[in-house]
Amino acid sequence: MNPRKAATSISRRSFMRMASVAASLPVFTEAHFAWADQQAAPNNTVMARKTRPAMPPGAVLINANENPLGPCKAACEAIAAIAPKGGRYDIDGETEKLTKTFAAQNGLKENYIAVYAGSSEPLHYSVLAFTSPTKGFVTADPSYEAGMRAASISKAKISKVPLTSTYAHDVKALVAADPKAGIIYICNPNNPTGTITSKADILWALENKPAGSILLVDEAYIHLSDAESVVDMVAADKDLIILRTFSKIYGMAGIRCGFALGRPDLLAKLVPFGQNAMPITGSAAANVSLLDAELVPTRKKIIGDTRNDTFAWLKANGYKFIPSQSNCFMINTGRNGQSVIAAMREKNVYIGRTWPIWPNVVRVSVGTPDDMAKFKVAFKQVMDAPAVAANHSPFDVVSFPELS
Ligand SMILES: Cc1ncc(COP(=O)(O)O)c(C=O)c1O
């Protein structure tokens with residue numbers, strides 16, 4: 001069934017309840033998380049409104065897993081060509097064209113694809129739709145925080161399961177964590193570690209998950225790695241939703257486009273939480289990006305080479321890091337990670353955040369070779385200096401509204 005049509009079968013009362021819940025809840029993106037710990041925010045207002053403060057000239061921005069390559073040439077041309085038509089809502093069916101392209105490339109029917117302005121919204125809405133005070137949210141730890149934040153809004157029990165010794169998702173422990181789970185969230189490759197979970201493990205979780213739950217498989221970084229997609233499981237009508245974004249390998253974080261992929265009855269459950277019109281620039285740029293056969297392999301190599309060069313340097317200098325297959329990686333600084341982040345900021349190099357489970361470990365995004373050269377100089381200076389205490393933790397300033 002068309003998800004939008006299916007939504008009309010939801011009672012008006014429950015629709016209004018869900019819609020009013022959704023309207024009062026911020027959808028957080030990587031940019032919110034990345035910048036929350038760089039600002040002395042007195043409460044969550046700054047986080048909710050601002051994704052980036054004004055930056056000093058020459059700042060190295062390797063804190064939000066962005067892609068410095070930006071949109072590909074064809075995407076920039078498509079954006080320029082479509083811009084004059086921006087006075088109308090998608091008059092030429094750009095979003096439909098995009099859906100058709102992705103469907104054909106991935107063996108999916110078009111009604112198994114819901115297009116959004118990025119994947120943060122469908123991530124948030126999936127969690128609101130499938131968790132509740134009686135249906136828990138299960139996640140790896142550390143992993144991308146946005147799902148947990150949405151789960152705290154739906155007052156779901158949150159179960160955090162440490163990664164395995166190879167930094168994969170521990171699927172047996174995830175499945176066992178909560179017999180009343182509504183969602184098991186698997187981020188592959190994982191943000192922040194950039195490590196992958198095998199397809200066999202994800203399929204095992206799909207077969208063995210608690211009755212009534214779904215897997216939410218976040219493939220935001222899949223093209224940067226050798227991880228295998230489980231998109232064939234969507235085509236096979238299994239109980240999962242996959243999230244994809246154009247913010248990473250496609251370099252369109254500021255343009256905004258992403259997908260939720262799933263059975264129409266699953267996608268329909270997201271509809272009451274929000275259905276904004278797509279920006280035609282996002283849809284047009286995404287469509288031509290998909291049609292550029294060179295984009296993924298070329299960018300995977302460029303980003304991978306820069307990352308591996310940085311790994312060689314870290315290794316040569318005796319720093320401990322987690323080998324990642326993505327555009328971010330983690331370094332164990334052996335001292336309070338917040339103090340390292342603050343000291344790097346003093347040198348105009350903005351690196352990513354820490355996670356509560358590993359307070360000494362910082363996440364660094366892969367920038368340009370020039371960014372990483374500046375990172376190396378600053379990081380060595382910071383690590384050669386005596387450790388100092390951090391003056392705040394990001395989780396002091398990142399507080400989230402509770403529904404009454
Ligand atoms: C794991 C993961 N999922 C989803 C997103 C959402 O990205 P966007 O809303 O830009 O598509 C991000 C952003 O960094 C992410 O890291």
# chains A, B, ... in the order shown; residues from 1 in each chain; ligands from 1
call {"tool": "residues_near_ligand", "arguments": {"ligand": "ligand 1", "cutoff": "10 Å", "atoms": "only C-alpha atoms and all ligand atoms", "output": "PyMOL selection string"}}
result
chain A and resi 27-34+64-66+116-124+143-147+186-192+194+217-222+243-248+251-259+328
call {"tool": "closest_residue", "arguments": {"among": "A:Ser213, A:Trp35, A:Ala236, A:Val230", "to": "A:Ala200", "atoms": "only C-alpha atoms"}}
result
A:Val230
call {"tool": "residues_around", "arguments": {"residues": "A:Gly93", "least_positions_apart": "4", "cutoff": "10 Å", "atoms": "only C-alpha atoms", "output": "PyMOL selection string"}}
result
chain A and resi 89+97-99+280+283-284
call {"tool": "write_last_selection", "arguments": {"atoms": "C-alpha atoms", "output": "compact mmCIF listing (two decimals), in the first residue's frame"}}
result
# COMPACT_ATOMS: atom_id res chain seq x y z
CA TYR A 89 6.77 22.53 -5.32
CA LYS A 97 12.60 10.52 -10.74
CA LEU A 98 14.95 9.93 -7.83
CA THR A 99 12.71 7.19 -6.45
CA ILE A 280 13.84 19.99 -5.49
CA SER A 283 16.09 15.36 -5.14
CA ALA A 284 17.64 16.50 -8.43
call {"tool": "select_by_dssp", "arguments": {"residues": "stretch 134-311 of chain A", "states": "strand (DSSP E)", "output": "VMD selection string"}}
result
chain A and resid 136 to 141 158 to 162 181 to 187 214 to 218 240 to 245 258 to 261
call {"tool": "residues_around", "arguments": {"residues": "A:Ala227", "least_positions_apart": "3", "cutoff": "9 Å", "atoms": "only C-alpha atoms", "output": "VMD selection string"}}
result
chain A and resid 188 to 189 195 to 199 222 to 224 325
call {"tool": "select_by_dssp", "arguments": {"residues": "stretch 115-354 of chain A", "states": "alpha helix (DSSP H)", "output": "PyMOL selection string"}}
result
chain A and resi 120-130+146-153+171-177+199-208+231-235+264-268+280-291+295-316+337-346
call {"tool": "closest_residue", "arguments": {"among": "A:Asp239, A:Ala387, A:Pro57, A:Thr139", "to": "A:Leu206", "atoms": "only C-alpha atoms"}}
result
A:Asp239
call {"tool": "atom_distance", "arguments": {"atom1": "atom CA of A:Ala343", "atom2": "atom CA of A:Val377"}}
result
12.5 Å
call {"tool": "closest_residue", "arguments": {"among": "A:Gly282, A:Pro264, A:Pro56, A:Gly367", "to": "A:Pro68", "atoms": "only C-alpha atoms"}}
result
A:Gly367
call {"tool": "closest_residue", "arguments": {"among": "A:Asn360, A:Ser132, A:Asp232, A:Asp90", "to": "A:Arg263", "atoms": "only C-alpha atoms"}}
result
A:Asp232
